[in-house]
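Q: So that we are looking at the same thing, I have put the structure below in structure tokens.
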Amino acid sequence: CYSVPAFFKKYFCNNLNNLIDIPMVKTLCISNETENLISFKEAFGNFIESIESTKSVTFSSNLLKDIFSLYKTNFVNLDINYRILAEFFENFALSTDKDLNDISRSILKENMDNAYFDSLKKMNYYFINDFPSFTNKEKVYTQNNLFRDLEISPNTLIIISDALTYNLAYEFVRNKDYIYDDHNLISDLPSETEVCYNSYFITDEIVQLDDKNRLSLEKEGKDITYVRKWRLEKLKEIFGTAIDFDDFKTDKDYKGIVLWQHDEIDKAIHGSCDNKRLRILTEEVFQTIDYALERGFNILLLSDHGHIPVSKKFMLFDDININKKKDRYLVVNKDENLEKSIYLDNIPLPSYVDIGEKKLAFINSVNSLKEC
């Protein structure tokens with residue numbers, strides 16, 4: 001076992017492009033001065049291993065349960081290891097150590113991003129392009145039917161954490177001693193809060209476009225404006241009793257359904273959020289889970305959609321006549337031809353979505369999504 005002289009750090013930082021070929025980390029005793037680099041190299045090695053593991057993946061089935069299985073056995077580790085490594089880059093960018101700061105601005109970060117998206121696009125392309133044809137939903141729940149189809153125990157805390165990705169949650173779950181079931185759940189649309197969040201609760205409501213082409217939740221011709229209150233009332237309809245999490249904390253004797261609507265992750269990723277902040281916010285979710293478990297409650301942890309990192313807004317619309325643009329989809333006239341664009345317009349809408357003579361068009365691959 002050897003110690004590494006101080007010049008190792010300089011050598012390491014000057015050879016970033018050959019980082020994978022530096023064969024020293026696991027066989028050397030590194031001084032405190034290079035401790036960050038050792039952890040970084042280990043994270044980088046884990047990331048490379050997850051990249052390699054996805055290269056041999058083949059998609060031989062379009063059954064939803066098989067797609068979920070592929071993600072959970074291969075791609076989830078790619079997502080986790082990418083986030084961990086990205087946090088190192090963010091920390092190095094803030095470091096007063098010039099060598100570490102140089103790492104954050106090196107071509108290595110760009111190469112890491114490209115490797116991640118090149119691997120992830122295989123899963124994303126297959127999923128979103130086959131979304132219209134997924135008819136076999138064996139062992140897969142849909143958002144709108146979940147509360148009716150899934151057996152939910154009487155004393156359950158239902159957490160809907162806006163934009164919480166599976167990999168963020170799984171990173172914590174795998175390090176806990178929880179007894180848990182890992183259900184497959186598909187959203188009612190590829191990614192849209194106005195539909196996917198509320199779809200859990202919709203029974204006789206509809207989603208329509210308002211005069212500004214915004215998706216609006218309505219019942220009997222009236223807009224539902226206090227949506228958070230409406231969701232709680234719907235749970236009472238479905239389960240007979242339900243209270244908000246704030247009331248649960250003060251009512252120590254309550255038994256029944258509890259709803260916690262957690263929006264902080266979604267707020268963070270729409271701001272200047274970094275991966276450390278995402279980890280902290282996810283830790284807060286699991287602190288709440290531990291609190292409810294201590295009170296003898298089961299937990300149902302849900303999300304409306306996930307997220308991936310993006311670098312810039314995607315501004316190319318291929319001369320499409322757009323009624324409204326959001327980052328993930330367009331609202332266009334039903335007769336608009338999108339065959340040569342980067343958008344898919346054949347995603348089937350849930351029965352409770354009525355947008356008249358318009359249609360929604362979704363970005364169809366990570367190649368474009370990483371820039372939108």
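Lettering and numbering for the structure tokens are positional, with chains as A, B, ... in the shown order, residues counted from 1 in each chain, and ligands counted from 1 in the shown order.
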Please build the interface table for stretch 255-281 of chain A against stretch 160-170 of chain A with a cut-off of 10 Å, listing for each qualifying residue the nearest atom pair and the distance in Å to one decimal; count only C-alpha atoms, order rows by chain and increasing number, and write it as CSV.

A:
residue,atom,partner,partner_atom,distance
A:Leu259,CA,A:Ile160,CA,7.9
A:Trp260,CA,A:Ile160,CA,6.5
A:Gln261,CA,A:Ile160,CA,5.3
A:His262,CA,A:Ser161,CA,4.5
A:Asp263,CA,A:Asp162,CA,5.1
A:Glu264,CA,A:Asp162,CA,7.4
A:Ile265,CA,A:Ala163,CA,6.2
A:Asp266,CA,A:Ala163,CA,5.1
A:Lys267,CA,A:Asp162,CA,8.6
A:Ala268,CA,A:Ala163,CA,9.7
A:Ile269,CA,A:Ala163,CA,8.4
A:Leu278,CA,A:Leu168,CA,8.3
A:Arg279,CA,A:Leu168,CA,7.6
A:Leu281,CA,A:Leu164,CA,9.6

Q: Take the residues just selected and output them with N, CA, C and O atoms as a PDB file, in the first residue's frame.

A:
ATOM      1  N   LEU A 259     -53.194  12.621   3.317  1.00  0.00           N
ATOM      2  CA  LEU A 259     -52.628  13.079   2.043  1.00  0.00           C
ATOM      3  C   LEU A 259     -51.570  14.144   2.293  1.00  0.00           C
ATOM      4  O   LEU A 259     -51.825  15.141   2.977  1.00  0.00           O
ATOM      5  N   TRP A 260     -50.376  13.903   1.740  1.00  0.00           N
ATOM      6  CA  TRP A 260     -49.312  14.917   1.755  1.00  0.00           C
ATOM      7  C   TRP A 260     -48.974  15.273   0.315  1.00  0.00           C
ATOM      8  O   TRP A 260     -48.485  14.449  -0.433  1.00  0.00           O
ATOM      9  N   GLN A 261     -49.258  16.511  -0.071  1.00  0.00           N
ATOM     10  CA  GLN A 261     -48.968  17.000  -1.416  1.00  0.00           C
ATOM     11  C   GLN A 261     -47.637  17.751  -1.367  1.00  0.00           C
ATOM     12  O   GLN A 261     -47.567  18.892  -0.924  1.00  0.00           O
ATOM     13  N   HIS A 262     -46.592  17.087  -1.817  1.00  0.00           N
ATOM     14  CA  HIS A 262     -45.233  17.600  -1.688  1.00  0.00           C
ATOM     15  C   HIS A 262     -44.786  18.195  -3.024  1.00  0.00           C
ATOM     16  O   HIS A 262     -44.588  17.466  -3.995  1.00  0.00           O
ATOM     17  N   ASP A 263     -44.627  19.517  -3.056  1.00  0.00           N
ATOM     18  CA  ASP A 263     -44.331  20.210  -4.314  1.00  0.00           C
ATOM     19  C   ASP A 263     -42.893  20.727  -4.399  1.00  0.00           C
ATOM     20  O   ASP A 263     -42.517  21.332  -5.405  1.00  0.00           O
ATOM     21  N   GLU A 264     -42.097  20.503  -3.361  1.00  0.00           N
ATOM     22  CA  GLU A 264     -40.806  21.182  -3.281  1.00  0.00           C
ATOM     23  C   GLU A 264     -39.813  20.725  -4.337  1.00  0.00           C
ATOM     24  O   GLU A 264     -39.011  21.523  -4.837  1.00  0.00           O
ATOM     25  N   ILE A 265     -39.837  19.456  -4.700  1.00  0.00           N
ATOM     26  CA  ILE A 265     -38.903  18.980  -5.729  1.00  0.00           C
ATOM     27  C   ILE A 265     -39.216  19.626  -7.066  1.00  0.00           C
ATOM     28  O   ILE A 265     -38.327  20.082  -7.783  1.00  0.00           O
ATOM     29  N   ASP A 266     -40.493  19.693  -7.413  1.00  0.00           N
ATOM     30  CA  ASP A 266     -40.880  20.324  -8.671  1.00  0.00           C
ATOM     31  C   ASP A 266     -40.503  21.801  -8.684  1.00  0.00           C
ATOM     32  O   ASP A 266     -40.009  22.320  -9.689  1.00  0.00           O
ATOM     33  N   LYS A 267     -40.739  22.489  -7.571  1.00  0.00           N
ATOM     34  CA  LYS A 267     -40.356  23.904  -7.488  1.00  0.00           C
ATOM     35  C   LYS A 267     -38.848  24.070  -7.668  1.00  0.00           C
ATOM     36  O   LYS A 267     -38.377  25.000  -8.338  1.00  0.00           O
ATOM     37  N   ALA A 268     -38.092  23.151  -7.074  1.00  0.00           N
ATOM     38  CA  ALA A 268     -36.634  23.258  -7.129  1.00  0.00           C
ATOM     39  C   ALA A 268     -36.097  23.056  -8.540  1.00  0.00           C
ATOM     40  O   ALA A 268     -35.224  23.800  -8.988  1.00  0.00           O
ATOM     41  N   ILE A 269     -36.612  22.056  -9.247  1.00  0.00           N
ATOM     42  CA  ILE A 269     -36.062  21.770 -10.572  1.00  0.00           C
ATOM     43  C   ILE A 269     -36.465  22.830 -11.586  1.00  0.00           C
ATOM     44  O   ILE A 269     -35.831  22.946 -12.640  1.00  0.00           O
ATOM     45  N   LEU A 278     -31.636  18.424  -4.558  1.00  0.00           N
ATOM     46  CA  LEU A 278     -32.570  17.332  -4.824  1.00  0.00           C
ATOM     47  C   LEU A 278     -32.423  16.226  -3.782  1.00  0.00           C
ATOM     48  O   LEU A 278     -33.416  15.661  -3.312  1.00  0.00           O
ATOM     49  N   ARG A 279     -31.192  15.913  -3.424  1.00  0.00           N
ATOM     50  CA  ARG A 279     -30.953  14.874  -2.426  1.00  0.00           C
ATOM     51  C   ARG A 279     -31.518  15.288  -1.073  1.00  0.00           C
ATOM     52  O   ARG A 279     -32.140  14.473  -0.370  1.00  0.00           O
ATOM     53  N   LEU A 281     -33.993  17.395  -0.481  1.00  0.00           N
ATOM     54  CA  LEU A 281     -35.456  17.376  -0.538  1.00  0.00           C
ATOM     55  C   LEU A 281     -35.990  15.950  -0.486  1.00  0.00           C
ATOM     56  O   LEU A 281     -37.042  15.683   0.127  1.00  0.00           O
TER      57      LEU A 281
END

Q: Listing only residues of stretch 184-279 of chain A within 10 Å of stretch 57-65 of chain A, what is the closest atom pair and its distance in Å (to one decimal) for each, using only C-alpha atoms, sorted by chain and residue number ascending, as a Markdown table?

A:
| residue | atom | partner | partner_atom | distance |
| --- | --- | --- | --- | --- |
| A:Asn184 | CA | A:Lys65 | CA | 7.2 |
| A:Leu185 | CA | A:Lys65 | CA | 9.5 |
| A:Ile186 | CA | A:Leu64 | CA | 8.6 |

Q: Suppose we keep N, CA, C and O atoms; can you now write the selection as a JSON list (two decimals), in the first residue's frame?

A:
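Saved result, part.json, follows:
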[["chain", "number", "residue", "atom", "x", "y", "z"],
["A", 184, "ASN", "N", -45.72, -1.22, -10.53],
["A", 184, "ASN", "CA", -45.55, -0.54, -11.81],
["A", 184, "ASN", "C", -46.74, 0.38, -12.05],
["A", 184, "ASN", "O", -47.89, -0.05, -12.00],
["A", 185, "LEU", "N", -46.45, 1.64, -12.32],
["A", 185, "LEU", "CA", -47.50, 2.65, -12.52],
["A", 185, "LEU", "C", -47.18, 3.49, -13.75],
["A", 185, "LEU", "O", -46.08, 4.05, -13.85],
["A", 186, "ILE", "N", -48.10, 3.59, -14.67],
["A", 186, "ILE", "CA", -47.89, 4.38, -15.86],
["A", 186, "ILE", "C", -48.76, 5.63, -15.81],
["A", 186, "ILE", "O", -49.91, 5.60, -15.35]]

Q: As a PDB file with N, CA and C atoms, in the first residue's frame, please: every residue in stretch 83-249 of chain A that a backbone DSSP assignment puts in strand (DSSP E).

A:
ATOM      1  N   TYR A 141     -50.393  -0.515 -13.158  1.00  0.00           N
ATOM      2  CA  TYR A 141     -51.510   0.349 -12.787  1.00  0.00           C
ATOM      3  C   TYR A 141     -51.456   1.635 -13.603  1.00  0.00           C
ATOM      4  N   THR A 142     -52.628   2.237 -13.804  1.00  0.00           N
ATOM      5  CA  THR A 142     -52.693   3.564 -14.418  1.00  0.00           C
ATOM      6  C   THR A 142     -53.070   4.580 -13.346  1.00  0.00           C
ATOM      7  N   THR A 156     -53.196   4.763   5.910  1.00  0.00           N
ATOM      8  CA  THR A 156     -52.128   4.954   4.922  1.00  0.00           C
ATOM      9  C   THR A 156     -51.870   6.434   4.692  1.00  0.00           C
ATOM     10  N   LEU A 157     -50.586   6.793   4.687  1.00  0.00           N
ATOM     11  CA  LEU A 157     -50.177   8.126   4.264  1.00  0.00           C
ATOM     12  C   LEU A 157     -49.892   8.077   2.774  1.00  0.00           C
ATOM     13  N   ILE A 158     -50.685   8.814   1.997  1.00  0.00           N
ATOM     14  CA  ILE A 158     -50.474   8.909   0.553  1.00  0.00           C
ATOM     15  C   ILE A 158     -49.624  10.146   0.280  1.00  0.00           C
ATOM     16  N   ILE A 159     -48.428   9.925  -0.231  1.00  0.00           N
ATOM     17  CA  ILE A 159     -47.528  11.026  -0.583  1.00  0.00           C
ATOM     18  C   ILE A 159     -47.479  11.140  -2.093  1.00  0.00           C
ATOM     19  N   ILE A 160     -47.848  12.296  -2.605  1.00  0.00           N
ATOM     20  CA  ILE A 160     -47.652  12.570  -4.026  1.00  0.00           C
ATOM     21  C   ILE A 160     -46.603  13.669  -4.117  1.00  0.00           C
ATOM     22  N   SER A 161     -45.401  13.271  -4.493  1.00  0.00           N
ATOM     23  CA  SER A 161     -44.282  14.198  -4.552  1.00  0.00           C
ATOM     24  C   SER A 161     -44.060  14.612  -6.007  1.00  0.00           C
ATOM     25  N   LEU A 185     -46.449   1.642 -12.323  1.00  0.00           N
ATOM     26  CA  LEU A 185     -47.502   2.648 -12.519  1.00  0.00           C
ATOM     27  C   LEU A 185     -47.175   3.488 -13.745  1.00  0.00           C
ATOM     28  N   ILE A 186     -48.104   3.586 -14.668  1.00  0.00           N
ATOM     29  CA  ILE A 186     -47.886   4.380 -15.864  1.00  0.00           C
ATOM     30  C   ILE A 186     -48.762   5.633 -15.810  1.00  0.00           C
ATOM     31  N   ILE A 206     -63.658  16.755 -15.839  1.00  0.00           N
ATOM     32  CA  ILE A 206     -63.032  16.724 -17.159  1.00  0.00           C
ATOM     33  C   ILE A 206     -61.901  17.757 -17.202  1.00  0.00           C
ATOM     34  N   VAL A 207     -60.978  17.545 -18.136  1.00  0.00           N
ATOM     35  CA  VAL A 207     -59.898  18.500 -18.388  1.00  0.00           C
ATOM     36  C   VAL A 207     -60.115  19.070 -19.790  1.00  0.00           C
ATOM     37  N   GLN A 208     -60.217  20.401 -19.864  1.00  0.00           N
ATOM     38  CA  GLN A 208     -60.434  21.067 -21.137  1.00  0.00           C
ATOM     39  C   GLN A 208     -59.414  22.185 -21.326  1.00  0.00           C
ATOM     40  N   LEU A 209     -59.327  22.674 -22.570  1.00  0.00           N
ATOM     41  CA  LEU A 209     -58.503  23.844 -22.849  1.00  0.00           C
ATOM     42  C   LEU A 209     -59.323  25.101 -22.605  1.00  0.00           C
ATOM     43  N   LEU A 215     -54.623  23.836 -20.049  1.00  0.00           N
ATOM     44  CA  LEU A 215     -55.429  22.719 -19.588  1.00  0.00           C
ATOM     45  C   LEU A 215     -56.073  23.077 -18.259  1.00  0.00           C
ATOM     46  N   SER A 216     -57.390  22.964 -18.215  1.00  0.00           N
ATOM     47  CA  SER A 216     -58.152  23.429 -17.062  1.00  0.00           C
ATOM     48  C   SER A 216     -59.039  22.304 -16.533  1.00  0.00           C
ATOM     49  N   LEU A 217     -59.023  22.107 -15.225  1.00  0.00           N
ATOM     50  CA  LEU A 217     -59.852  21.091 -14.579  1.00  0.00           C
ATOM     51  C   LEU A 217     -61.231  21.671 -14.307  1.00  0.00           C
ATOM     52  N   GLU A 218     -62.278  20.961 -14.749  1.00  0.00           N
ATOM     53  CA  GLU A 218     -63.633  21.480 -14.630  1.00  0.00           C
ATOM     54  C   GLU A 218     -64.600  20.401 -14.139  1.00  0.00           C
ATOM     55  N   LYS A 219     -65.669  20.862 -13.519  1.00  0.00           N
ATOM     56  CA  LYS A 219     -66.766  19.982 -13.140  1.00  0.00           C
ATOM     57  C   LYS A 219     -68.072  20.734 -13.323  1.00  0.00           C
ATOM     58  N   LYS A 222     -67.778  24.344 -14.482  1.00  0.00           N
ATOM     59  CA  LYS A 222     -67.110  25.329 -13.641  1.00  0.00           C
ATOM     60  C   LYS A 222     -65.670  24.910 -13.375  1.00  0.00           C
ATOM     61  N   ASP A 223     -64.760  25.896 -13.439  1.00  0.00           N
ATOM     62  CA  ASP A 223     -63.354  25.618 -13.139  1.00  0.00           C
ATOM     63  C   ASP A 223     -63.184  25.251 -11.668  1.00  0.00           C
ATOM     64  N   ALA A 242     -60.391  11.193   5.062  1.00  0.00           N
ATOM     65  CA  ALA A 242     -59.055  11.625   4.642  1.00  0.00           C
ATOM     66  C   ALA A 242     -58.780  12.996   5.257  1.00  0.00           C
ATOM     67  N   ILE A 243     -57.545  13.192   5.705  1.00  0.00           N
ATOM     68  CA  ILE A 243     -57.146  14.500   6.218  1.00  0.00           C
ATOM     69  C   ILE A 243     -55.806  14.891   5.616  1.00  0.00           C
ATOM     70  N   ASP A 244     -55.502  16.186   5.703  1.00  0.00           N
ATOM     71  CA  ASP A 244     -54.232  16.707   5.217  1.00  0.00           C
ATOM     72  C   ASP A 244     -53.110  16.346   6.205  1.00  0.00           C
TER      73      ASP A 244
END

Q: One decimal, in Å: what's the spacing between atom CA of A:Ser39 and atom CA of A:Lys121?

A: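 Going from atom CA of A:Ser39 over to atom CA of A:Lys121, I get 27.7 Å.
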
Q: Assign secondary structure with DSSP using the backbone only, and return the residues of stretch 170-204 of chain A in alpha helix (DSSP H) as an NGL selection string.

A: :A and (170-173 or 193-196)

Q: Would you save the residues from that selection as a PDB file, in the first residue's frame, using N, CA and C atoms?

A:
ATOM      1  N   TYR A 170     -35.669   5.380  -5.151  1.00  0.00           N
ATOM      2  CA  TYR A 170     -35.055   4.056  -5.013  1.00  0.00           C
ATOM      3  C   TYR A 170     -33.675   4.141  -4.372  1.00  0.00           C
ATOM      4  N   GLU A 171     -32.953   5.216  -4.641  1.00  0.00           N
ATOM      5  CA  GLU A 171     -31.632   5.415  -4.046  1.00  0.00           C
ATOM      6  C   GLU A 171     -31.712   5.404  -2.516  1.00  0.00           C
ATOM      7  N   PHE A 172     -32.819   5.914  -1.973  1.00  0.00           N
ATOM      8  CA  PHE A 172     -33.011   5.907  -0.528  1.00  0.00           C
ATOM      9  C   PHE A 172     -33.580   4.577  -0.047  1.00  0.00           C
ATOM     10  N   VAL A 173     -34.558   4.046  -0.774  1.00  0.00           N
ATOM     11  CA  VAL A 173     -35.231   2.822  -0.347  1.00  0.00           C
ATOM     12  C   VAL A 173     -34.249   1.657  -0.247  1.00  0.00           C
ATOM     13  N   THR A 193     -48.236  17.917 -15.705  1.00  0.00           N
ATOM     14  CA  THR A 193     -48.724  18.052 -14.337  1.00  0.00           C
ATOM     15  C   THR A 193     -50.236  18.234 -14.289  1.00  0.00           C
ATOM     16  N   GLU A 194     -50.778  19.107 -15.140  1.00  0.00           N
ATOM     17  CA  GLU A 194     -52.203  19.419 -15.078  1.00  0.00           C
ATOM     18  C   GLU A 194     -53.073  18.172 -15.258  1.00  0.00           C
ATOM     19  N   VAL A 195     -52.552  17.194 -15.987  1.00  0.00           N
ATOM     20  CA  VAL A 195     -53.290  15.947 -16.166  1.00  0.00           C
ATOM     21  C   VAL A 195     -52.799  14.888 -15.185  1.00  0.00           C
ATOM     22  N   CYS A 196     -51.491  14.654 -15.160  1.00  0.00           N
ATOM     23  CA  CYS A 196     -50.960  13.491 -14.439  1.00  0.00           C
ATOM     24  C   CYS A 196     -51.132  13.593 -12.928  1.00  0.00           C
TER      25      CYS A 196
END

Q: What does the structure give for the distance between atom CA of A:Lys255 and atom CA of A:Arg228, in Å to one decimal?

A: 21.1 Å

Q: Could you check how far atom CA of A:Glu110 sits from atom CA of A:Tyr82, in Å to one decimal?

A: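 About the pair atom CA of A:Glu110 and atom CA of A:Tyr82: they are 12.3 Å apart.
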
Q: With only C-alpha atoms as the atoms that count, which of A:Val353, A:Leu100, A:Ile152, A:Leu120 lies nearest to A:Leu37?

A: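 Closest residue, counting only C-alpha atoms: A:Leu100.
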
Q: So which one's closest to A:Glu151, A:Ser341, A:Phe131, A:Pro348, A:His183? Using only C-alpha atoms, please.

A: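 That would be A:His183, the residue with the smallest distance to A:Glu151.
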
Q: Looking at A:Tyr352, A:Phe89, A:Tyr180, A:Phe127, which one is nearest to A:Asp204, with distances taken over only C-alpha atoms?

A: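 Of all the options, A:Tyr352 lies closest to A:Asp204.
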
Q: My list of candidates is A:Glu237, A:Glu220, A:Asp181, A:Asp188. Which is closest to A:Leu301 when distances are computed with only C-alpha atoms?

A: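 Ranking A:Glu237, A:Glu220, A:Asp181, A:Asp188 by distance to A:Leu301, first place goes to A:Asp181.
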